[in-house]
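For reference, structure-v4.txt is printed below; it contains compact mmCIF, C-alpha atoms.
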```
# COMPACT_ATOMS: atom_id res chain seq x y z
CA MET A 1 35.06 -26.79 -40.50
CA THR A 2 35.02 -26.28 -44.21
CA HIS A 3 34.35 -22.55 -44.32
CA ALA A 4 37.75 -21.16 -43.23
CA PRO A 5 40.15 -20.45 -46.06
CA HIS A 6 43.37 -22.32 -45.46
CA SER A 7 46.62 -22.20 -47.28
CA GLU A 8 48.30 -25.45 -48.25
CA VAL A 9 50.69 -25.20 -45.36
CA ALA A 10 48.13 -24.09 -42.84
CA GLN A 11 45.87 -26.94 -43.92
CA HIS A 12 48.45 -29.41 -42.70
CA VAL A 13 48.59 -27.65 -39.36
CA ALA A 14 44.82 -27.48 -39.17
CA ASP A 15 44.52 -31.15 -39.92
CA SER A 16 46.66 -32.05 -36.97
CA ALA A 17 44.87 -29.66 -34.62
CA THR A 18 41.21 -29.27 -33.88
CA ASP A 19 41.02 -25.49 -33.68
CA HIS A 20 40.70 -22.90 -36.38
CA ALA A 21 42.79 -20.60 -34.28
CA ASP A 22 45.76 -22.74 -35.12
CA SER A 23 45.51 -21.68 -38.74
CA GLY A 24 47.95 -18.88 -38.04
CA VAL A 25 45.46 -16.00 -38.03
CA PHE A 26 45.63 -13.76 -34.96
CA PRO A 27 42.47 -15.00 -33.16
CA PRO A 28 40.85 -11.59 -32.46
CA PHE A 29 41.01 -10.83 -36.21
CA ASP A 30 39.99 -14.31 -37.39
CA PRO A 31 36.77 -13.79 -39.34
CA THR A 32 35.76 -17.44 -39.00
CA TYR A 33 33.61 -16.79 -35.95
CA PHE A 34 32.60 -13.17 -36.61
CA ALA A 35 29.06 -14.19 -37.54
CA SER A 36 28.83 -16.54 -34.57
CA GLN A 37 30.05 -13.92 -32.13
CA LEU A 38 27.65 -11.28 -33.47
CA PHE A 39 24.77 -13.77 -33.36
CA TRP A 40 25.33 -14.90 -29.77
CA LEU A 41 26.24 -11.41 -28.60
CA ALA A 42 22.91 -10.15 -29.95
CA ILE A 43 21.03 -12.97 -28.19
CA PHE A 44 22.67 -12.61 -24.79
CA PHE A 45 22.84 -8.83 -24.88
CA VAL A 46 19.11 -8.66 -25.62
CA ILE A 47 18.35 -11.22 -22.88
CA LEU A 48 20.39 -9.18 -20.40
CA TYR A 49 18.79 -5.93 -21.54
CA VAL A 50 15.24 -7.28 -21.22
CA ALA A 51 15.93 -8.84 -17.81
CA LEU A 52 17.46 -5.64 -16.48
CA ASP A 53 14.93 -3.30 -18.07
CA ARG A 54 11.80 -5.31 -17.17
CA PHE A 55 12.63 -6.85 -13.81
CA ILE A 56 15.84 -5.88 -12.07
CA LEU A 57 16.15 -2.12 -12.63
CA PRO A 58 12.49 -1.36 -11.75
CA LYS A 59 12.96 -3.44 -8.60
CA ILE A 60 16.01 -1.45 -7.53
CA LYS A 61 14.25 1.79 -8.46
CA THR A 62 11.15 1.05 -6.36
CA THR A 63 13.31 -0.13 -3.46
CA ILE A 64 15.31 3.09 -3.43
CA GLU A 65 12.16 5.21 -3.87
CA ASP A 66 10.30 3.31 -1.15
CA ARG A 67 13.18 3.96 1.20
CA ARG A 68 13.28 7.66 0.27
CA ASP A 69 9.49 7.94 0.77
CA ARG A 70 9.68 6.09 4.06
CA ILE A 71 12.42 8.38 5.35
CA ALA A 72 10.47 11.45 4.19
CA ASP A 73 7.30 10.12 5.87
CA ASP A 74 9.17 9.46 9.09
CA LEU A 75 10.65 12.93 9.03
CA ASP A 76 7.17 14.38 8.46
CA ALA A 77 5.79 12.34 11.36
CA ALA A 78 8.65 13.51 13.57
CA ALA A 79 8.00 17.13 12.61
CA GLN A 80 4.28 16.60 13.32
CA ALA A 81 5.03 15.07 16.73
CA LYS A 82 7.34 17.97 17.51
CA ALA A 83 4.64 20.48 16.56
CA ASP A 84 2.12 18.59 18.71
CA ALA A 85 4.50 18.62 21.67
CA GLU A 86 5.10 22.33 21.23
CA ALA A 87 1.35 23.00 21.05
CA ALA A 88 0.81 20.96 24.22
CA GLY A 89 3.58 22.91 25.93
CA GLU A 90 1.99 26.19 24.86
CA ALA A 91 -1.44 25.07 26.12
CA TYR A 92 0.11 24.10 29.45
CA GLU A 93 1.87 27.46 29.75
CA LYS A 94 -1.37 29.21 28.89
CA SER A 95 -3.46 27.33 31.46
CA LEU A 96 -0.75 27.90 34.05
CA ALA A 97 -0.80 31.65 33.38
CA GLU A 98 -4.61 31.64 33.55
CA ALA A 99 -4.59 29.81 36.87
CA ARG A 100 -2.02 32.23 38.21
CA ALA A 101 -4.12 35.22 37.10
CA LYS A 102 -7.22 33.65 38.66
CA ALA A 103 -5.40 33.10 41.94
CA HIS A 104 -4.29 36.72 41.92
CA GLY A 105 -7.92 37.80 41.35
CA ILE A 106 -9.19 35.67 44.22
CA ALA A 107 -6.53 37.02 46.56
CA ALA A 108 -7.31 40.62 45.58
CA ASP A 109 -11.07 40.06 46.05
CA THR A 110 -10.52 38.48 49.45
CA ARG A 111 -8.28 41.31 50.52
CA LYS A 112 -10.84 43.85 49.34
CA ALA A 113 -13.66 42.08 51.17
CA LEU A 114 -11.62 41.86 54.35
CA ASP A 115 -10.65 45.52 54.09
CA ALA A 116 -14.28 46.48 53.64
CA GLU A 117 -15.36 44.41 56.67
CA ILE A 118 -12.57 45.80 58.79
CA ALA A 119 -13.49 49.34 57.75
CA LYS A 120 -17.15 48.67 58.53
CA GLU A 121 -16.42 47.25 61.95
CA THR A 122 -14.00 50.03 62.71
CA ALA A 123 -16.60 52.60 61.71
CA GLY A 124 -19.25 50.87 63.91
CA VAL A 125 -16.96 50.77 66.90
CA GLU A 126 -15.90 54.38 66.35
CA ALA A 127 -19.52 55.52 66.06
CA GLU A 128 -20.41 53.70 69.28
CA LEU A 129 -17.44 55.19 71.02
CA ALA A 130 -18.41 58.64 69.76
CA THR A 131 -21.97 58.31 71.12
CA LYS A 132 -20.67 57.01 74.42
CA GLN A 133 -18.27 59.92 74.59
CA GLU A 134 -21.10 62.33 73.75
CA HIS A 135 -23.28 60.83 76.47
CA ALA A 136 -20.40 61.04 78.93
CA GLU A 137 -19.64 64.61 77.98
CA ALA A 138 -23.30 65.56 78.25
CA ALA A 139 -23.48 63.97 81.72
CA ILE A 140 -20.31 65.79 82.76
CA ARG A 141 -21.65 69.09 81.46
CA LYS A 142 -24.93 68.54 83.24
CA ALA A 143 -23.17 67.65 86.45
CA LYS A 144 -20.91 70.66 86.06
CA ASP A 145 -23.88 73.00 85.41
CA LYS A 146 -25.67 71.52 88.37
CA ALA A 147 -22.54 71.95 90.48
CA PHE A 148 -22.14 75.53 89.34
CA ALA A 149 -25.77 76.24 90.13
CA GLU A 150 -25.30 74.74 93.56
CA VAL A 151 -22.02 76.71 93.94
CA ARG A 152 -24.02 79.97 93.32
CA GLY A 153 -26.66 79.02 95.88
CA ILE A 154 -23.97 78.18 98.44
CA ALA A 155 -22.05 81.35 97.63
CA THR A 156 -25.20 83.50 97.98
CA THR A 157 -26.06 81.93 101.31
CA ALA A 158 -22.45 82.27 102.41
CA THR A 159 -22.34 85.89 101.27
CA SER A 160 -25.47 86.87 103.16
CA ALA A 161 -24.27 84.98 106.21
CA ALA A 162 -20.86 86.67 106.00
CA VAL A 163 -22.41 90.10 105.56
CA ALA A 164 -24.78 89.48 108.51
CA ALA A 165 -21.92 88.26 110.67
CA LEU A 166 -19.46 91.03 109.73
CA ALA A 167 -21.71 94.07 109.22
CA GLY A 168 -24.79 92.93 111.05
CA VAL A 169 -26.75 94.01 108.12
CA GLU A 170 -29.45 91.78 106.89
CA ILE A 171 -29.31 91.68 103.03
CA SER A 172 -31.82 90.13 100.77
CA GLU A 173 -31.10 87.07 98.94
CA ALA A 174 -31.42 88.87 95.63
CA ASP A 175 -28.73 91.41 96.56
CA ALA A 176 -26.41 88.67 97.65
CA GLY A 177 -27.07 86.82 94.40
CA LYS A 178 -26.28 90.01 92.47
CA THR A 179 -22.95 90.36 94.16
CA VAL A 180 -22.03 86.74 93.64
CA ASP A 181 -22.90 87.00 89.94
CA GLY A 182 -20.77 90.09 89.68
CA LEU A 183 -17.81 88.31 91.31
CA LEU A 184 -18.23 85.26 89.11
CA LYS A 185 -18.39 87.49 86.07
CA ALA A 186 -15.22 89.26 87.12
CA LYS A 187 -13.46 85.92 87.66
CA GLU A 188 -14.53 84.64 84.30
CA ALA A 189 -13.25 87.82 82.64
CA MET B 1 52.96 -29.16 -20.49
CA ALA B 2 52.74 -25.47 -19.80
CA ASP B 3 51.80 -23.42 -22.83
CA THR B 4 53.48 -20.05 -22.87
CA ASN B 5 51.77 -18.78 -26.00
CA PRO B 6 50.21 -15.45 -24.90
CA ILE B 7 47.81 -15.49 -27.85
CA LYS B 8 46.17 -18.79 -26.93
CA GLN B 9 43.81 -17.09 -24.49
CA PHE B 10 42.08 -15.36 -27.40
CA GLU B 11 41.34 -18.57 -29.30
CA VAL B 12 37.77 -19.46 -30.08
CA HIS B 13 36.71 -23.08 -29.73
CA GLU B 14 33.52 -24.53 -31.07
CA VAL B 15 31.28 -26.23 -28.55
CA PHE B 16 28.13 -26.94 -30.54
CA PRO B 17 28.23 -26.56 -34.31
CA PHE B 18 25.33 -24.54 -35.63
CA GLU B 19 24.80 -23.17 -39.09
CA ALA B 20 22.05 -20.94 -40.40
CA PHE B 21 21.64 -18.78 -43.51
CA GLY B 22 24.90 -20.27 -44.76
CA LEU B 23 26.74 -18.75 -41.80
CA ASN B 24 28.75 -20.52 -39.15
CA LEU B 25 26.87 -19.59 -35.98
CA ALA B 26 28.47 -22.25 -33.77
CA PHE B 27 28.16 -21.92 -30.02
CA THR B 28 31.75 -21.29 -28.94
CA ASN B 29 33.63 -20.51 -25.75
CA SER B 30 33.08 -16.86 -26.70
CA SER B 31 29.33 -17.50 -26.73
CA PHE B 32 29.73 -19.37 -23.46
CA PHE B 33 31.29 -16.34 -21.80
CA MET B 34 28.61 -14.05 -23.24
CA MET B 35 25.99 -16.38 -21.76
CA LEU B 36 27.87 -16.53 -18.47
CA THR B 37 28.09 -12.73 -18.38
CA ALA B 38 24.36 -12.32 -18.94
CA VAL B 39 23.30 -15.14 -16.59
CA LEU B 40 25.73 -14.20 -13.82
CA THR B 41 24.61 -10.56 -13.95
CA ILE B 42 20.93 -11.49 -13.84
CA VAL B 43 21.38 -14.05 -11.05
CA LEU B 44 23.59 -11.82 -8.90
CA PHE B 45 21.23 -8.86 -9.20
CA ALA B 46 18.17 -11.05 -8.64
CA VAL B 47 19.71 -12.55 -5.49
CA ALA B 48 20.94 -9.15 -4.28
CA MET B 49 17.49 -7.61 -4.71
CA SER B 50 15.51 -10.63 -3.48
CA SER B 51 14.88 -9.24 0.02
CA ARG B 52 14.30 -5.61 -1.04
CA ALA B 53 15.07 -4.63 2.53
CA LEU B 54 14.60 -1.13 3.88
CA VAL B 55 18.05 -1.45 5.41
CA PRO B 56 20.01 -3.21 2.67
CA ASN B 57 22.45 -6.05 3.27
CA ARG B 58 25.85 -6.00 1.55
CA ALA B 59 24.75 -7.50 -1.77
CA GLN B 60 21.70 -5.26 -2.05
CA SER B 61 23.84 -2.29 -1.10
CA VAL B 62 26.28 -3.05 -3.93
CA ALA B 63 23.42 -3.44 -6.42
CA GLU B 64 21.97 -0.09 -5.34
CA ILE B 65 25.40 1.59 -5.49
CA ILE B 66 25.94 0.37 -9.07
CA TYR B 67 22.45 1.59 -9.96
CA GLY B 68 23.13 5.00 -8.43
CA PHE B 69 26.57 5.18 -10.05
CA VAL B 70 25.20 4.61 -13.56
CA ALA B 71 22.13 6.80 -12.97
CA ASP B 72 24.34 9.69 -11.81
CA MET B 73 26.63 9.18 -14.80
CA VAL B 74 23.68 9.33 -17.24
CA ARG B 75 22.08 12.30 -15.48
CA SER B 76 25.28 14.35 -15.26
CA THR B 77 26.32 13.84 -18.91
CA ALA B 78 23.04 13.50 -20.81
CA GLY B 79 20.66 15.36 -18.50
CA GLN B 80 17.31 14.31 -17.11
CA GLU B 81 16.01 13.31 -20.56
CA GLY B 82 19.02 11.02 -20.86
CA LEU B 83 17.45 8.74 -18.25
CA ARG B 84 15.28 7.30 -21.04
CA PHE B 85 18.49 5.52 -22.12
CA PHE B 86 19.38 4.49 -18.57
CA PRO B 87 18.56 0.77 -19.06
CA PHE B 88 20.60 0.75 -22.27
CA VAL B 89 23.64 2.42 -20.69
CA PHE B 90 23.29 0.24 -17.58
CA THR B 91 23.20 -2.93 -19.70
CA LEU B 92 26.27 -1.84 -21.68
CA PHE B 93 28.17 -0.93 -18.53
CA ILE B 94 27.36 -4.06 -16.56
CA PHE B 95 27.82 -6.35 -19.57
CA ILE B 96 31.30 -4.98 -20.34
CA LEU B 97 32.24 -4.82 -16.64
CA VAL B 98 31.23 -8.42 -15.88
CA ALA B 99 32.77 -9.67 -19.15
CA ASN B 100 36.06 -7.90 -18.34
CA MET B 101 36.05 -9.27 -14.79
CA LEU B 102 35.35 -12.84 -15.96
CA GLY B 103 38.30 -12.41 -18.32
CA MET B 104 40.57 -11.85 -15.32
CA PHE B 105 40.42 -15.53 -14.32
CA PRO B 106 43.68 -17.19 -15.43
CA TYR B 107 41.95 -20.56 -15.76
CA PHE B 108 38.28 -21.23 -15.99
CA PRO B 109 36.09 -24.32 -16.22
CA ALA B 110 35.04 -23.36 -19.72
CA PRO B 111 35.46 -24.83 -23.20
CA GLY B 112 39.16 -24.73 -24.05
CA ALA B 113 39.95 -24.77 -20.32
CA HIS B 114 41.00 -21.13 -20.40
CA SER B 115 39.36 -17.89 -19.53
CA PHE B 116 38.11 -15.79 -22.39
CA THR B 117 37.65 -12.03 -22.52
CA ILE B 118 34.90 -11.35 -25.01
CA THR B 119 35.79 -7.66 -25.12
CA SER B 120 39.26 -8.58 -26.41
CA HIS B 121 37.69 -9.45 -29.75
CA LEU B 122 37.32 -6.49 -32.06
CA ILE B 123 34.09 -7.76 -33.60
CA VAL B 124 32.37 -7.67 -30.20
CA THR B 125 33.45 -4.15 -29.27
CA VAL B 126 32.68 -2.93 -32.80
CA ALA B 127 29.19 -4.41 -32.52
CA LEU B 128 28.60 -2.61 -29.20
CA ALA B 129 30.04 0.67 -30.49
CA MET B 130 27.96 0.46 -33.69
CA LEU B 131 24.89 -0.21 -31.57
CA VAL B 132 25.54 3.04 -29.67
CA TRP B 133 26.37 4.98 -32.84
CA LEU B 134 23.26 3.82 -34.68
CA THR B 135 21.12 4.49 -31.61
CA VAL B 136 22.44 8.06 -31.57
CA ILE B 137 21.68 8.55 -35.28
CA VAL B 138 18.26 6.90 -35.28
CA TYR B 139 17.06 8.57 -32.08
CA GLY B 140 18.68 11.91 -33.01
CA VAL B 141 16.91 12.02 -36.37
CA PHE B 142 13.66 10.68 -34.89
CA LYS B 143 13.61 13.32 -32.15
CA ASN B 144 15.16 16.35 -33.86
CA GLY B 145 14.62 15.71 -37.59
CA ALA B 146 16.89 17.87 -39.74
CA LYS B 147 17.97 19.82 -36.66
CA PHE B 148 20.06 16.80 -35.74
CA LEU B 149 22.57 18.00 -38.39
CA ARG B 150 23.37 20.90 -36.08
CA ILE B 151 25.75 18.59 -34.20
CA PHE B 152 28.10 19.18 -37.15
CA VAL B 153 27.79 22.97 -36.93
CA PRO B 154 28.96 24.22 -33.55
CA SER B 155 27.54 27.58 -32.57
CA GLY B 156 29.77 30.61 -32.04
CA VAL B 157 32.34 29.66 -34.69
CA PRO B 158 33.47 32.44 -37.12
CA ILE B 159 31.90 31.94 -40.54
CA PHE B 160 35.18 31.72 -42.48
CA ILE B 161 36.40 28.66 -40.58
CA LEU B 162 32.96 27.10 -40.20
CA PRO B 163 33.27 24.78 -43.24
CA PHE B 164 36.58 23.51 -41.90
CA VAL B 165 35.15 22.95 -38.40
CA THR B 166 32.12 21.23 -39.87
CA LEU B 167 34.36 18.89 -41.82
CA ILE B 168 36.27 18.05 -38.64
CA GLU B 169 33.00 17.46 -36.77
CA ILE B 170 31.80 15.10 -39.50
CA ILE B 171 35.07 13.17 -39.45
CA SER B 172 34.98 12.98 -35.66
CA PHE B 173 31.38 11.76 -35.70
CA VAL B 174 32.10 9.10 -38.32
CA SER B 175 35.21 7.89 -36.52
CA ARG B 176 33.37 7.58 -33.19
CA PRO B 177 32.51 3.87 -33.50
CA ILE B 178 36.14 3.17 -34.40
CA SER B 179 37.68 5.00 -31.42
CA HIS B 180 34.88 3.80 -29.13
CA SER B 181 35.43 0.13 -30.00
CA VAL B 182 39.21 0.09 -30.48
CA ARG B 183 39.79 1.77 -27.10
CA LEU B 184 38.07 -1.06 -25.24
CA PHE B 185 39.39 -3.82 -27.49
CA ALA B 186 43.02 -2.63 -27.48
CA ASN B 187 43.08 -2.09 -23.71
CA MET B 188 41.79 -5.58 -22.99
CA LEU B 189 43.93 -7.23 -25.64
CA ALA B 190 47.19 -5.50 -24.70
CA GLY B 191 46.67 -5.93 -20.97
CA HIS B 192 45.92 -9.63 -21.26
CA ILE B 193 48.85 -10.26 -23.62
CA LEU B 194 51.18 -8.46 -21.23
CA LEU B 195 49.88 -10.49 -18.29
CA LYS B 196 50.44 -13.80 -20.06
CA VAL B 197 53.84 -12.76 -21.43
CA PHE B 198 55.12 -12.04 -17.93
CA ALA B 199 53.47 -15.15 -16.53
CA GLY B 200 55.07 -17.14 -19.36
CA PHE B 201 58.52 -15.81 -18.38
CA ILE B 202 58.30 -17.79 -15.13
CA VAL B 203 57.85 -21.07 -17.02
CA MET B 204 60.39 -20.11 -19.67
CA MET B 205 63.01 -19.30 -17.03
CA ALA B 206 62.51 -22.70 -15.41
CA ALA B 207 62.78 -24.43 -18.79
CA GLY B 208 65.80 -22.30 -19.66
CA SER B 209 67.69 -23.12 -16.50
CA ALA B 210 66.84 -26.81 -16.95
CA SER B 211 68.25 -26.75 -20.48
CA MET B 212 71.45 -25.19 -19.15
CA GLY B 213 71.80 -28.23 -16.91
CA TRP B 214 71.16 -26.32 -13.64
CA GLY B 215 67.85 -27.89 -12.92
CA GLU B 216 64.56 -26.07 -12.76
CA LEU B 217 64.97 -24.58 -9.28
CA PRO B 218 67.24 -21.56 -10.14
CA GLY B 219 64.82 -20.67 -12.93
CA TYR B 220 61.84 -20.80 -10.62
CA LEU B 221 63.71 -18.71 -8.02
CA ALA B 222 64.51 -16.09 -10.65
CA GLY B 223 60.87 -16.33 -11.66
CA ILE B 224 59.98 -14.32 -8.56
CA PHE B 225 60.63 -11.16 -10.60
CA PRO B 226 58.22 -11.81 -13.47
CA PHE B 227 55.82 -13.17 -10.86
CA ALA B 228 55.92 -9.85 -8.97
CA MET B 229 55.35 -8.12 -12.29
CA THR B 230 52.38 -10.37 -13.04
CA LEU B 231 50.97 -9.62 -9.61
CA GLY B 232 51.20 -5.87 -10.16
CA LEU B 233 49.82 -6.14 -13.68
CA THR B 234 46.88 -8.19 -12.40
CA ALA B 235 45.94 -5.35 -10.04
CA LEU B 236 46.36 -2.88 -12.89
CA GLU B 237 44.23 -5.05 -15.17
CA PHE B 238 41.41 -5.12 -12.62
CA LEU B 239 41.54 -1.33 -12.65
CA VAL B 240 41.57 -1.30 -16.48
CA ALA B 241 38.70 -3.80 -16.57
CA PHE B 242 36.56 -1.46 -14.50
CA LEU B 243 37.85 1.74 -16.07
CA GLN B 244 37.23 0.63 -19.66
CA ALA B 245 33.66 -0.38 -18.81
CA TYR B 246 33.22 3.05 -17.21
CA VAL B 247 34.83 4.86 -20.16
CA PHE B 248 32.68 2.96 -22.65
CA ALA B 249 29.54 3.82 -20.69
CA ILE B 250 30.36 7.49 -20.18
CA LEU B 251 31.26 7.93 -23.86
CA THR B 252 27.92 6.33 -24.68
CA CYS B 253 26.26 8.96 -22.46
CA ILE B 254 28.19 11.79 -24.15
CA TYR B 255 27.20 10.51 -27.61
CA LEU B 256 23.57 10.08 -26.55
CA ASN B 257 23.66 13.65 -25.27
CA ASP B 258 24.29 14.73 -28.89
CA ALA B 259 21.14 12.93 -29.96
CA LEU B 260 19.15 14.57 -27.15
CA HIS B 261 20.59 18.10 -27.43
CA PRO B 262 22.15 18.55 -30.90
CA GLY B 263 22.72 22.32 -30.63
CA HIS B 264 25.54 22.03 -28.03
```

Turn the structure described in the file into C-alpha cells.
Amino acid sequence: MTHAPHSEVAQHVADSATDHADSGVFPPFDPTYFASQLFWLAIFFVILYVALDRFILPKIKTTIEDRRDRIADDLDAAAQAKADAEAAGEAYEKSLAEARAKAHGIAADTRKALDAEIAKETAGVEAELATKQEHAEAAIRKAKDKAFAEVRGIATTATSAAVAALAGVEISEADAGKTVDGLLKAKEA
Amino acid sequence: MADTNPIKQFEVHEVFPFEAFGLNLAFTNSSFFMMLTAVLTIVLFAVAMSSRALVPNRAQSVAEIIYGFVADMVRSTAGQEGLRFFPFVFTLFIFILVANMLGMFPYFPAPGAHSFTITSHLIVTVALAMLVWLTVIVYGVFKNGAKFLRIFVPSGVPIFILPFVTLIEIISFVSRPISHSVRLFANMLAGHILLKVFAGFIVMMAAGSASMGWGELPGYLAGIFPFAMTLGLTALEFLVAFLQAYVFAILTCIYLNDALHPGH
C-alpha cells in the first residue's frame, strides 16, 4: 500500500484504516485500482467472451435451428401425408366410378340380350301362328269351294227336278247347270 | 454499528495483493464481482442449455429468449452482416446485465461484506466503451479503407454547410466513448447512491429520535416513509439495471453499423 499518494492528514486516516478508499478520494474516481480493474476486467471479459462464443452461443443456435428444422420437417411430413390421403381418396372415387360404369354396361348388355331373345321368340311364335292361320284359311277356302261345288250340283239337280215336277218337261243337266250358273252370277252381282 | 455512508458501497478492497510491471494489479472485491459475473453467466447458461430439449424447460427458454432478444437487436440495427459481431454484443450485454443485477444485492458474501456494482466505476465503463469504439474504428478501416471516413460526411447535405456538419460529426464520433461510458456509469452510481441515502434515513431517524430522548421506536416508525421510498427505488433500479445494459448494447450495435455501412 505504498503507491497511493496521501496527504499528511490523509496518511493519519489511512494508517488507522485498512482501505485506500478511506483516503478521502471518491472511490469511483480513485486511480489506485484503475490498473487492477482494467487487468481483471480484461481477463474475465475475455473468459466470458470465449466461453459464450465457443460453447454456449453455438449450443443455443443449434438447439433453436434443430427445433426449427424439426418443425419444418414435421410440417412437410404432414403435407405429404395429406397429399397421400387425397390421392388415395381420388383413386377410390375413380375405382368407384369405374365400377358404376361397368355395372351400367352389364345391365345394358343384359337388357339388350333379353330384348333380342324376346324379339326372336315373339317372331318365332308369330311365324308359327301365321302358318297355322294360313293352313286354317286354306282348309276353310277348300271346304268352302267344295261346299259351293256341291251347292251347284244340288241346285242343278233341284232345278231339273223342279222343272220336271212343275212343267213336266225333262231338261238336260247341262241346261239346268246353265240356269243355276246364271242365277248365281246374278246373285253375286 | 450501521454505516450510513452511501459512498461506502463503491469502495474497493484488496483481497490478494498482486503487482506486475510496476502496477498494482491486486485482486479486489471489484475483481471478485467481475469473476462472479463471468462465472455465474457461464454456469447459468451451461445449466440452462444442458438438456438441449426440443421442448425447452423454463431455464432453457429464458436462455433462448435472451439469445433471440440480442440477435434481433443486432439484426435490426446493424443488419445481417452485423451478426458477425453478435457474440461481442451478446457478451457486452450479458456482462453488464449480470453485473448490474449482482449490484442490486444490499449485502453480499463478498470481500468487504457489501455488494459491489462494477459498472459504477468509471474506469470499467470507459474500458468497455473504448473497446467498442476501437472495434468500430479498426473494423471500419479494415473493411472499408478510406471509405470509412464517409461516416463524417453525411450524404444529401448542401455543400455550404457540409464543413460545419462534418465538424459536428467528427466531434460526435470522438465523444462517443465518453457519452457511451458516462451514461452507464452515472446511472448506476446515482441510482445506488440514492438507494443507500434513503435506506440510511431509516437508521438516521432511529438514531435521531434516540438522541432526542424518545427512544428508537418513533424513529423506526417514521422510517416507514424512507423505507417505502427505498422499496420503490429498488424496483426502479432493477429497471435501470436492465435498461442500461440494453442501451449500452443497442448503442454498440448502432456504432458497429457505422463500421459496416459507413455511407449512411

Within 7 Å of chain A, which residues of chain B come that close, and what is the closest atom pair and distance in Å for each? Count only C-alpha atoms and give it as a Markdown table.
```
| residue | atom | partner | partner_atom | distance |
| --- | --- | --- | --- | --- |
| B:Phe10 | CA | A:Pro27 | CA | 5.8 |
| B:Glu11 | CA | A:Pro27 | CA | 5.4 |
| B:Val12 | CA | A:Ala21 | CA | 6.6 |
| B:His13 | CA | A:Asp19 | CA | 6.3 |
| B:Leu23 | CA | A:Ala35 | CA | 6.7 |
| B:Asn24 | CA | A:Ser36 | CA | 6.1 |
| B:Leu25 | CA | A:Ser36 | CA | 3.9 |
| B:Ala26 | CA | A:Ser36 | CA | 5.8 |
| B:Ser30 | CA | A:Gln37 | CA | 6.9 |
| B:Ser31 | CA | A:Trp40 | CA | 5.7 |
| B:Met34 | CA | A:Phe44 | CA | 6.3 |
| B:Met35 | CA | A:Phe44 | CA | 5.9 |
| B:Ala38 | CA | A:Leu48 | CA | 5.3 |
| B:Ile42 | CA | A:Ala51 | CA | 6.9 |
| B:Phe45 | CA | A:Ile56 | CA | 6.8 |
| B:Ala46 | CA | A:Ile56 | CA | 6.6 |
| B:Met49 | CA | A:Ile60 | CA | 6.9 |
| B:Arg52 | CA | A:Thr63 | CA | 6.1 |
| B:Leu54 | CA | A:Arg67 | CA | 5.9 |
| B:Glu64 | CA | A:Ile60 | CA | 6.5 |
| B:Pro87 | CA | A:Asp53 | CA | 5.5 |
| B:Phe88 | CA | A:Tyr49 | CA | 7.0 |
| B:Thr91 | CA | A:Tyr49 | CA | 5.6 |
| B:Ser120 | CA | A:Pro28 | CA | 6.9 |
| B:His121 | CA | A:Pro28 | CA | 4.7 |
| B:Leu122 | CA | A:Pro28 | CA | 6.2 |
| B:Ile123 | CA | A:Phe34 | CA | 6.4 |
| B:Val124 | CA | A:Leu38 | CA | 6.8 |
```

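Relative to atom CA of B:Met205, atom CA of B:Pro218 is found at 8.4 Å.
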
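Across the structure, atom CA of B:Ile159 and atom CA of B:Ile254 are spaced 26.2 Å apart.
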
>> Please compute the atom CA of A:Lys142-atom CA of A:Ala127 distance, one decimal, in Å.
In response: 22.2 Å

>> I'd like the contact shell of B:Phe32 - 8 Å cut-off, all atoms listed in the file, skipping same-chain residues fewer than 4 positions apart - returned as a list in words.
In response: Phe27, Thr28, Leu36, Ala110 and Pro111 of chain B

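In terms of minimum interatomic distance to B:Ala99, B:Ala241 ranks closest within B:Ala241, B:Met73, B:Leu167, B:Met229, counting only C-alpha atoms.
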
>> List the spatial neighbours of B:Ala199 as a ChimeraX atom specification - criterion: any atom at most 12 Å away, only C-alpha atoms, same-chain residues fewer than 3 positions off excluded.
In response: /B:2-6,106,192-196,202-206,220,223-234

With C-alpha atoms retained, export the selected residues as a short mmCIF file (atom, residue, chain, number, x, y, z; two decimals), in the frame of the given file.
```cif
data_model
loop_
_atom_site.label_atom_id
_atom_site.label_comp_id
_atom_site.auth_asym_id
_atom_site.auth_seq_id
_atom_site.Cartn_x
_atom_site.Cartn_y
_atom_site.Cartn_z
CA ALA B 2 52.74 -25.47 -19.80
CA ASP B 3 51.80 -23.42 -22.83
CA THR B 4 53.48 -20.05 -22.87
CA ASN B 5 51.77 -18.78 -26.00
CA PRO B 6 50.21 -15.45 -24.90
CA PRO B 106 43.68 -17.19 -15.43
CA HIS B 192 45.92 -9.63 -21.26
CA ILE B 193 48.85 -10.26 -23.62
CA LEU B 194 51.18 -8.46 -21.23
CA LEU B 195 49.88 -10.49 -18.29
CA LYS B 196 50.44 -13.80 -20.06
CA ILE B 202 58.30 -17.79 -15.13
CA VAL B 203 57.85 -21.07 -17.02
CA MET B 204 60.39 -20.11 -19.67
CA MET B 205 63.01 -19.30 -17.03
CA ALA B 206 62.51 -22.70 -15.41
CA TYR B 220 61.84 -20.80 -10.62
CA GLY B 223 60.87 -16.33 -11.66
CA ILE B 224 59.98 -14.32 -8.56
CA PHE B 225 60.63 -11.16 -10.60
CA PRO B 226 58.22 -11.81 -13.47
CA PHE B 227 55.82 -13.17 -10.86
CA ALA B 228 55.92 -9.85 -8.97
CA MET B 229 55.35 -8.12 -12.29
CA THR B 230 52.38 -10.37 -13.04
CA LEU B 231 50.97 -9.62 -9.61
CA GLY B 232 51.20 -5.87 -10.16
CA LEU B 233 49.82 -6.14 -13.68
CA THR B 234 46.88 -8.19 -12.40
#
```

Contacts of A:Ile154 at 12 Å or less, counting all atoms listed in the file, minus same-chain residues fewer than 6 places along, as a PDB file with C-alpha atoms, keeping the file's coordinate frame?
```pdb
ATOM      1  CA  ALA A 147     -22.540  71.950  90.480  1.00  0.00           C
ATOM      2  CA  PHE A 148     -22.140  75.530  89.340  1.00  0.00           C
ATOM      3  CA  SER A 160     -25.470  86.870 103.160  1.00  0.00           C
ATOM      4  CA  ALA A 161     -24.270  84.980 106.210  1.00  0.00           C
ATOM      5  CA  ALA A 162     -20.860  86.670 106.000  1.00  0.00           C
ATOM      6  CA  GLU A 173     -31.100  87.070  98.940  1.00  0.00           C
ATOM      7  CA  ALA A 176     -26.410  88.670  97.650  1.00  0.00           C
ATOM      8  CA  GLY A 177     -27.070  86.820  94.400  1.00  0.00           C
ATOM      9  CA  VAL A 180     -22.030  86.740  93.640  1.00  0.00           C
TER      10      VAL A 180
END
```
